[in-house]
Amino acid sequence: MKYWKALVAAAMVLTLSACGGGGDGSDKSEPPPPPPGTPDSLTISASTPVLTPDGQLSVQFNVADKQGSGYDLGATIPSFTLNKVIPGRDTTRQDPAIWKSFIYRSGKATSENSGKLEPLGNGQYRYTFAINPTTVQDPYPSDSQSNNGVISWDETATHRLGIFFGGSNNVPVTNYVLDWVPAGTPAALTRDIVDQSSCNSCHMKQAIKHADRADPKLCVTCHNESNPTIATRRSLTTIVHKYHGNLDSTDTKTVSHFPQDPRNCDTCHKDATPATLNAGNWQHAQEKACGACHADSTSSTGFDAHITGKINSGAVCTQCHGADPASSKSPYMVHLGYMANEAIGRDKLQFTFDDVRYAAPNIEVELTVTVDGTPAESVNDVLKYVKDGNPAILVNWDQGQGFELATTNPQTFVSGNKIEFSKCVSQGTGRFLCSKETGNEVNGTLAATIADLRVCVARKADRNGAFAAGDLLPCSSTASALSLIAINPVNAYFRAEGGIDSSYLLKAGADLASCNSCHKDLAVHMSNHAAKDMSQCTSCHNATRTSFYAGVPGDLKYHVHSFHALGAKHGGSATFPGDISNCESCHTQGQYNLPNQQNARPSLVATTADNKQPKYFSPVLVVCSSCHLKSPLGLVKPDSPVAGDEWATHMKNNGAVFGAETIEAATGVEQCASCHAVGQEQGVDKVHKVYDFR
């Protein structure tokens, strides 16, 4: 519930009274110039730290705002970290260099802020560390055997200073690291693998886990190999791979916090740059990095047993899993290479809509299907490569306001626009005719797409030559190389009276490109639907669909906001890795103004605890309630709201409709835009501070 509380606290900036001056009601979203000191605006620069003969280490640094003026920290006390790079511990395994911390608490690498901070004026400060870096007892004594268990101060080693503060009291999160070699000589060893820009594709410059730390170069100053055991503090290598891989923090539950295929190594690991000299290290197979995803301590033949057997036999990971990307078992090939092979396979099954029409009382679809470039002569020529053998052709119609049917609906179970491909009739040379009686009068634009189409492909070649990498495989195959992948989206738009409707624009309030900035290759419901774009999603999740969960609208405009802010079933577990206020992480500047720019119809929502009695709720209410009301929308009582639903009264008093019997009664009565349109004093752009994220 902490996520909901945060959302409500943010929402309280809205006023219940008159909105005051502001915008002109136009659909523009360009702000005035930002005032000084906006979030993400502070920078730090530091001179080379100085170590005195008696072991006092001090550093002079400057804090400035975006305009270059000195920034007064006031009561804010920065924290400081200190590290050096040392060689990897096991040279026989060719372990890469690691970070060694100088600051510990209870045996854990950590930071300090208990030293002496001296304001020097105009944003200038000097900090003298509380620790003496020349007398630190090493909690990992074997690293310092040559120095009687004391961490040596090596003038020729790469050292790192970390400074961080912010995240509360309106002080922006500010992270800084400085690498230097005290002797002034070239660095013999470095360890720079990932840059924050990689994290930002999903995390959007937001602090990760800790409220004041966002830069992985700072994270590694505590989460590194200095910690003697996993129980004290895990290395960043372990943490990141676990949370972006497939195990939770207990190592027992299969779960991924990564909103894309965890084999997408290149989402985080980019080519080497001056800021990431060691970016290629990810291609060096290591027990901790690989084990974070592949560990299987419950199996005698799993990863743990594999590793133990190889190490005990004197082998090292790189003997089989070489760093050369062309190697068949290299980390690159078994992750990115296999994914590329799967993509080749899915492209070998091609569906093309030739015509979609309404011939009362039927929807009729003509399509062409090729398998590896060859026209499919029968349904079975296609279905043997499709998991569960039951792809669905979805045909919906838009009379101007959006799709008229939900493909699946727990209230009505309407399925008149779903045609099972298995019932299509071959016309020869790859052409198929599919039809189904709709039970509805159809006009406007017919939108056709395909769902439930997971293709079986070979992610690697058969060692005996039975098939090549990327080949389609029968889903009945027992080959260990068999993978499932969602076919690329196939969409077509036709006029009901005949002919392609080339001007049709899908009524969805977000862009697939925006989704893929984080998801990379969006695939939803891979256990069955394998949906990959908005046309597939809105064929089911539109204003006509209720949900399988009591009071939760099935409409995409509620579903996506609610899921990213409060988790599945509006249950309070946020899944969004960035700042949920950042409207432009999913929407273009023209997609989030009020009244709703797309998907503007009232939504059908069940209004009882047993998920029955669907009624209509007005469109802006549907969007805003997804985050700003605690209860699922259909169960909210605006005249006597429970704790967390207080805004419901304000919404109703300003035209929001909770549970109308007809769609007409919930249309055109909301007054939300008068205060909350872009440019108004309480516009969504200002309330969500979207300009701070640009």
# chains A, B, ... in the order shown; residues from 1 in each chain; ligands from 1
call {"tool": "residues_around", "arguments": {"residues": "stretch 119-130 of chain A", "least_positions_apart": "4", "cutoff": "12 Å", "atoms": "only C-alpha atoms", "output": "ChimeraX atom specification"}}
result
/A:42-52,55-65,68-82,102-104,111-115,134-136,161-163
call {"tool": "write_last_selection", "arguments": {"atoms": "C-alpha atoms", "output": "CSV table (one decimal), in the first residue's frame"}}
result
chain,number,residue,atom,x,y,z
A,42,LEU,CA,22.5,19.8,-9.8
A,43,THR,CA,26.1,18.9,-10.8
A,44,ILE,CA,29.2,18.1,-8.8
A,45,SER,CA,32.8,18.6,-9.7
A,46,ALA,CA,35.7,17.7,-7.5
A,47,SER,CA,39.5,18.2,-7.4
A,48,THR,CA,41.8,15.3,-6.9
A,49,PRO,CA,41.6,14.0,-3.3
A,50,VAL,CA,44.7,14.7,-1.1
A,51,LEU,CA,46.1,12.2,1.5
A,52,THR,CA,48.3,13.7,4.2
A,55,GLY,CA,46.4,9.5,6.9
A,56,GLN,CA,43.8,12.3,6.6
A,57,LEU,CA,42.1,12.2,3.2
A,58,SER,CA,40.2,15.3,2.0
A,59,VAL,CA,38.5,16.4,-1.2
A,60,GLN,CA,37.3,19.8,-2.3
A,61,PHE,CA,34.2,19.8,-4.5
A,62,ASN,CA,31.7,22.2,-6.0
A,63,VAL,CA,27.9,21.9,-6.2
A,64,ALA,CA,26.2,24.0,-8.9
A,65,ASP,CA,22.7,24.3,-10.4
A,68,GLY,CA,26.1,27.3,-13.1
A,69,SER,CA,25.5,29.1,-9.9
A,70,GLY,CA,26.9,27.7,-6.6
A,71,TYR,CA,24.3,25.6,-4.7
A,72,ASP,CA,24.0,25.9,-0.9
A,73,LEU,CA,23.5,22.4,0.6
A,74,GLY,CA,22.0,23.9,3.7
A,75,ALA,CA,21.1,21.1,6.1
A,76,THR,CA,21.8,18.4,3.5
A,77,ILE,CA,24.7,16.3,4.4
A,78,PRO,CA,26.3,14.4,1.5
A,79,SER,CA,27.5,10.8,1.9
A,80,PHE,CA,30.9,9.6,0.6
A,81,THR,CA,32.4,6.3,-0.6
A,82,LEU,CA,36.0,5.3,-1.2
A,102,PHE,CA,37.8,1.4,2.4
A,103,ILE,CA,34.7,2.1,4.4
A,104,TYR,CA,32.9,-0.6,6.4
A,111,SER,CA,29.5,5.1,3.0
A,112,GLU,CA,30.2,7.7,5.6
A,113,ASN,CA,29.2,11.3,6.3
A,114,SER,CA,30.6,11.6,9.8
A,115,GLY,CA,33.8,13.4,8.7
A,134,THR,CA,45.8,3.6,5.4
A,135,THR,CA,44.8,1.7,8.6
A,136,VAL,CA,41.5,-0.1,7.5
A,161,LEU,CA,35.5,8.7,-4.8
A,162,GLY,CA,31.7,8.7,-4.6
A,163,ILE,CA,29.4,11.6,-3.5
call {"tool": "residues_around", "arguments": {"residues": "stretch 198-204 of chain A", "least_positions_apart": "2", "cutoff": "8 Å", "atoms": "only C-alpha atoms", "output": "PyMOL selection string"}}
result
chain A and resi 194-196+206-208+267-270+517-518+577-579+693
call {"tool": "write_last_selection", "arguments": {"atoms": "N, CA, C and O atoms", "output": "tab-separated table (two decimals), in the first residue's frame"}}
result
chain	number	residue	atom	x	y	z
A	194	VAL	N	29.17	-0.66	-16.94
A	194	VAL	CA	27.85	-0.18	-17.34
A	194	VAL	C	27.73	1.30	-17.01
A	194	VAL	O	28.14	1.75	-15.94
A	195	ASP	N	27.13	2.05	-17.94
A	195	ASP	CA	26.88	3.47	-17.73
A	195	ASP	C	25.42	3.69	-17.35
A	195	ASP	O	24.54	2.91	-17.74
A	196	GLN	N	25.15	4.75	-16.62
A	196	GLN	CA	23.79	5.02	-16.17
A	196	GLN	C	22.82	5.18	-17.33
A	196	GLN	O	21.63	4.89	-17.20
A	206	GLN	N	15.79	7.68	-12.31
A	206	GLN	CA	15.27	7.59	-10.95
A	206	GLN	C	16.20	6.79	-10.06
A	206	GLN	O	16.91	5.89	-10.52
A	207	ALA	N	16.20	7.14	-8.76
A	207	ALA	CA	16.98	6.38	-7.79
A	207	ALA	C	16.47	4.94	-7.76
A	207	ALA	O	15.28	4.68	-7.82
A	208	ILE	N	17.40	4.00	-7.69
A	208	ILE	CA	17.06	2.59	-7.74
A	208	ILE	C	17.31	1.97	-6.36
A	208	ILE	O	18.42	2.07	-5.83
A	267	THR	N	20.78	-4.60	-23.62
A	267	THR	CA	20.00	-3.50	-23.03
A	267	THR	C	20.84	-2.75	-22.01
A	267	THR	O	20.79	-1.52	-21.94
A	268	CYS	N	21.62	-3.47	-21.25
A	268	CYS	CA	22.48	-2.85	-20.24
A	268	CYS	C	23.93	-2.75	-20.70
A	268	CYS	O	24.62	-1.77	-20.41
A	269	HIS	N	24.40	-3.77	-21.39
A	269	HIS	CA	25.81	-3.84	-21.78
A	269	HIS	C	25.98	-3.31	-23.20
A	269	HIS	O	25.59	-3.95	-24.18
A	270	LYS	N	26.58	-2.13	-23.30
A	270	LYS	CA	26.82	-1.49	-24.59
A	270	LYS	C	28.28	-1.67	-25.00
A	270	LYS	O	29.08	-2.24	-24.27
A	517	SER	N	10.60	1.26	-25.59
A	517	SER	CA	11.77	1.91	-25.01
A	517	SER	C	12.18	1.20	-23.73
A	517	SER	O	13.34	1.24	-23.32
A	518	CYS	N	11.23	0.51	-23.11
A	518	CYS	CA	11.52	-0.29	-21.92
A	518	CYS	C	11.36	-1.78	-22.18
A	518	CYS	O	12.17	-2.59	-21.76
A	577	PRO	N	9.37	0.79	-13.43
A	577	PRO	CA	10.74	1.02	-12.96
A	577	PRO	C	11.18	2.47	-12.94
A	577	PRO	O	12.24	2.79	-12.42
A	578	GLY	N	10.36	3.36	-13.53
A	578	GLY	CA	10.70	4.78	-13.54
A	578	GLY	C	9.80	5.55	-12.59
A	578	GLY	O	9.32	5.02	-11.59
A	579	ASP	N	9.53	6.80	-12.91
A	579	ASP	CA	8.62	7.63	-12.12
A	579	ASP	C	7.26	7.58	-12.79
A	579	ASP	O	7.11	7.98	-13.95
A	693	PHE	N	11.09	15.79	-16.64
A	693	PHE	CA	11.68	14.55	-17.15
A	693	PHE	C	12.26	14.71	-18.54
A	693	PHE	O	12.88	13.79	-19.05
call {"tool": "closest_residue", "arguments": {"among": "A:Gln67, A:Gln591, A:Asn396, A:Ser378", "to": "A:Gln427", "atoms": "only C-alpha atoms"}}
result
A:Ser378
call {"tool": "closest_residue", "arguments": {"among": "A:Thr544, A:Thr276, A:Ser503, A:Asn440", "to": "A:Leu405", "atoms": "only C-alpha atoms"}}
result
A:Thr544
call {"tool": "residues_around", "arguments": {"residues": "stretch 593-609 of chain A", "least_positions_apart": "3", "cutoff": "7 Å", "atoms": "only C-alpha atoms", "output": "PyMOL selection string"}}
result
chain A and resi 27+401-402+507-509+543-546+550-553+555+590+612-620+634-635+663+666-667+673+676-678
call {"tool": "residues_around", "arguments": {"residues": "A:His587", "least_positions_apart": "2", "cutoff": "7 Å", "atoms": "only C-alpha atoms", "output": "number ranges by chain"}}
result
A: 509-511, 514, 583-585, 589, 591-592
call {"tool": "write_last_selection", "arguments": {"atoms": "all heavy atoms", "output": "compact mmCIF listing (two decimals), in the first residue's frame"}}
result
# COMPACT_ATOMS: atom_id res chain seq x y z
N GLY A 509 -4.08 5.33 -26.81
CA GLY A 509 -3.45 6.54 -26.29
C GLY A 509 -1.97 6.44 -26.02
O GLY A 509 -1.41 7.26 -25.30
N ALA A 510 -1.31 5.44 -26.57
CA ALA A 510 0.14 5.31 -26.38
C ALA A 510 0.74 4.74 -27.65
O ALA A 510 0.03 4.19 -28.50
CB ALA A 510 0.46 4.42 -25.19
N ASP A 511 2.03 4.88 -27.80
CA ASP A 511 2.71 4.38 -28.98
C ASP A 511 3.50 3.13 -28.63
O ASP A 511 4.12 3.05 -27.57
CB ASP A 511 3.69 5.43 -29.53
CG ASP A 511 2.96 6.63 -30.11
OD1 ASP A 511 1.85 6.44 -30.62
OD2 ASP A 511 3.51 7.74 -30.04
N SER A 514 7.02 3.78 -27.67
CA SER A 514 7.22 4.19 -26.28
C SER A 514 7.28 2.98 -25.37
O SER A 514 8.11 2.90 -24.46
CB SER A 514 6.10 5.14 -25.84
OG SER A 514 6.10 6.32 -26.60
N CYS A 583 4.34 11.13 -17.65
CA CYS A 583 3.37 10.78 -18.69
C CYS A 583 4.06 10.48 -20.02
O CYS A 583 3.62 9.61 -20.78
CB CYS A 583 2.37 11.91 -18.89
SG CYS A 583 1.48 12.40 -17.40
N GLU A 584 5.14 11.20 -20.29
CA GLU A 584 5.77 11.08 -21.60
C GLU A 584 6.67 9.85 -21.72
O GLU A 584 7.29 9.64 -22.77
CB GLU A 584 6.54 12.36 -21.93
CG GLU A 584 5.59 13.53 -22.16
CD GLU A 584 6.29 14.84 -22.42
OE1 GLU A 584 7.55 14.85 -22.52
OE2 GLU A 584 5.60 15.87 -22.51
N SER A 585 6.73 9.03 -20.68
CA SER A 585 7.43 7.77 -20.83
C SER A 585 6.62 6.81 -21.70
O SER A 585 7.18 5.89 -22.30
CB SER A 585 7.69 7.13 -19.46
OG SER A 585 6.47 6.87 -18.79
N GLN A 589 3.41 13.99 -26.64
CA GLN A 589 2.90 15.22 -26.03
C GLN A 589 1.43 15.47 -26.37
O GLN A 589 0.74 16.19 -25.66
CB GLN A 589 3.75 16.41 -26.47
CG GLN A 589 5.17 16.35 -25.92
CD GLN A 589 6.00 17.55 -26.30
OE1 GLN A 589 5.47 18.64 -26.55
NE2 GLN A 589 7.31 17.39 -26.38
N GLN A 591 -0.92 13.09 -26.47
CA GLN A 591 -1.74 11.93 -26.10
C GLN A 591 -2.26 11.95 -24.67
O GLN A 591 -3.04 11.06 -24.31
CB GLN A 591 -0.95 10.64 -26.32
CG GLN A 591 -0.74 10.29 -27.79
CD GLN A 591 0.08 9.03 -27.96
OE1 GLN A 591 0.94 8.71 -27.14
NE2 GLN A 591 -0.16 8.31 -29.04
N TYR A 592 -1.85 12.91 -23.85
CA TYR A 592 -2.30 12.86 -22.47
C TYR A 592 -3.07 14.10 -22.03
O TYR A 592 -3.37 14.26 -20.85
CB TYR A 592 -1.13 12.62 -21.50
CG TYR A 592 0.00 13.63 -21.58
CD1 TYR A 592 -0.04 14.82 -20.86
CD2 TYR A 592 1.12 13.39 -22.36
CE1 TYR A 592 0.99 15.74 -20.91
CE2 TYR A 592 2.16 14.29 -22.42
CZ TYR A 592 2.10 15.46 -21.70
OH TYR A 592 3.12 16.38 -21.76
call {"tool": "select_by_dssp", "arguments": {"residues": "stretch 278-412 of chain A", "states": "alpha helix (DSSP H)", "output": "PyMOL selection string"}}
result
chain A and resi 287-294+303-312+317-320+331-332+338-346+379-383
call {"tool": "residues_around", "arguments": {"residues": "stretch 652-654 of chain A", "least_positions_apart": "4", "cutoff": "12 Å", "atoms": "only C-alpha atoms", "output": "NGL selection string"}}
result
:A and (16-18 or 617-618 or 620-621 or 625 or 636-641 or 645-648 or 658-659 or 666 or 668-676)
call {"tool": "closest_residue", "arguments": {"among": "A:Ala326, A:Pro274, A:Ser106, A:Asp143", "to": "A:Ala231", "atoms": "only C-alpha atoms"}}
result
A:Ser106
call {"tool": "closest_residue", "arguments": {"among": "A:His284, A:Lys348, A:His525, A:Arg694", "to": "A:Gly322", "atoms": "only C-alpha atoms"}}
result
A:His284
call {"tool": "residues_around", "arguments": {"residues": "A:Lys384", "least_positions_apart": "5", "cutoff": "12 Å", "atoms": "only C-alpha atoms", "output": "list in words"}}
result
Leu349, Val371, Ala376, Ser378, Val379, Gly389, Asn390, Pro391, Ser422, Leu453, Arg454, Val455, Cys456, Val457, Leu472, Leu473, Pro474, Cys475, Ser476 and Ser477 of chain A
call {"tool": "decode", "arguments": {"residues": "stretch 182-257 of chain A", "atoms": "C-alpha atoms", "output": "compact mmCIF listing (two decimals), in the first residue's frame"}}
result
# COMPACT_ATOMS: atom_id res chain seq x y z
CA PRO A 182 47.10 9.00 -6.68
CA ALA A 183 50.53 8.69 -8.32
CA GLY A 184 49.21 10.42 -11.45
CA THR A 185 50.32 7.49 -13.63
CA PRO A 186 48.12 5.66 -16.18
CA ALA A 187 45.67 3.20 -14.61
CA ALA A 188 46.96 -0.36 -14.61
CA LEU A 189 43.50 -1.81 -13.84
CA THR A 190 40.00 -0.39 -14.33
CA ARG A 191 36.49 -1.69 -13.78
CA ASP A 192 33.89 0.33 -15.70
CA ILE A 193 31.26 -1.90 -17.25
CA VAL A 194 27.85 -0.18 -17.34
CA ASP A 195 26.88 3.47 -17.73
CA GLN A 196 23.79 5.02 -16.17
CA SER A 197 22.40 5.82 -19.62
CA SER A 198 21.72 2.09 -20.03
CA CYS A 199 19.66 2.01 -16.83
CA ASN A 200 17.78 5.14 -17.86
CA SER A 201 16.02 3.41 -20.76
CA CYS A 202 13.69 1.98 -18.08
CA HIS A 203 14.56 3.69 -14.82
CA MET A 204 14.45 7.23 -16.27
CA LYS A 205 17.17 8.69 -14.05
CA GLN A 206 15.27 7.59 -10.95
CA ALA A 207 16.98 6.38 -7.79
CA ILE A 208 17.06 2.59 -7.74
CA LYS A 209 16.35 0.71 -4.48
CA HIS A 210 17.88 3.49 -2.34
CA ALA A 211 16.25 6.90 -2.48
CA ASP A 212 19.44 8.81 -3.29
CA ARG A 213 21.41 6.49 -5.59
CA ALA A 214 20.83 6.10 -9.34
CA ASP A 215 24.26 5.70 -10.95
CA PRO A 216 25.62 2.11 -11.15
CA LYS A 217 29.14 3.53 -10.90
CA LEU A 218 28.17 4.69 -7.43
CA CYS A 219 26.27 1.49 -6.57
CA VAL A 220 29.39 -0.63 -7.04
CA THR A 221 31.25 1.35 -4.39
CA CYS A 222 29.23 -0.57 -1.78
CA HIS A 223 27.89 -3.56 -3.71
CA ASN A 224 31.16 -5.19 -4.71
CA GLU A 225 33.45 -8.10 -3.94
CA SER A 226 34.73 -6.48 -0.72
CA ASN A 227 31.94 -8.11 1.25
CA PRO A 228 33.03 -11.48 2.64
CA THR A 229 29.70 -13.28 2.14
CA ILE A 230 26.43 -12.87 0.30
CA ALA A 231 24.76 -12.58 3.70
CA THR A 232 26.55 -9.30 4.39
CA ARG A 233 26.03 -7.47 1.10
CA ARG A 234 25.74 -8.80 -2.44
CA SER A 235 27.80 -7.54 -5.31
CA LEU A 236 26.05 -5.49 -7.98
CA THR A 237 26.81 -8.27 -10.46
CA THR A 238 24.67 -10.67 -8.44
CA ILE A 239 21.91 -8.21 -7.61
CA VAL A 240 21.33 -6.88 -11.10
CA HIS A 241 21.39 -10.26 -12.80
CA LYS A 242 19.04 -11.78 -10.23
CA TYR A 243 16.47 -8.99 -10.36
CA HIS A 244 16.65 -8.73 -14.13
CA GLY A 245 16.91 -12.47 -14.60
CA ASN A 246 14.58 -15.08 -13.20
CA LEU A 247 15.04 -15.49 -9.45
CA ASP A 248 13.84 -13.39 -6.54
CA SER A 249 15.98 -12.28 -3.62
CA THR A 250 15.43 -15.60 -1.82
CA ASP A 251 16.77 -17.57 -4.82
CA THR A 252 13.69 -19.78 -4.72
CA LYS A 253 10.86 -18.08 -6.61
CA THR A 254 11.00 -17.68 -10.36
CA VAL A 255 10.16 -14.06 -11.07
CA SER A 256 11.62 -11.37 -13.28
CA HIS A 257 11.67 -7.65 -12.62
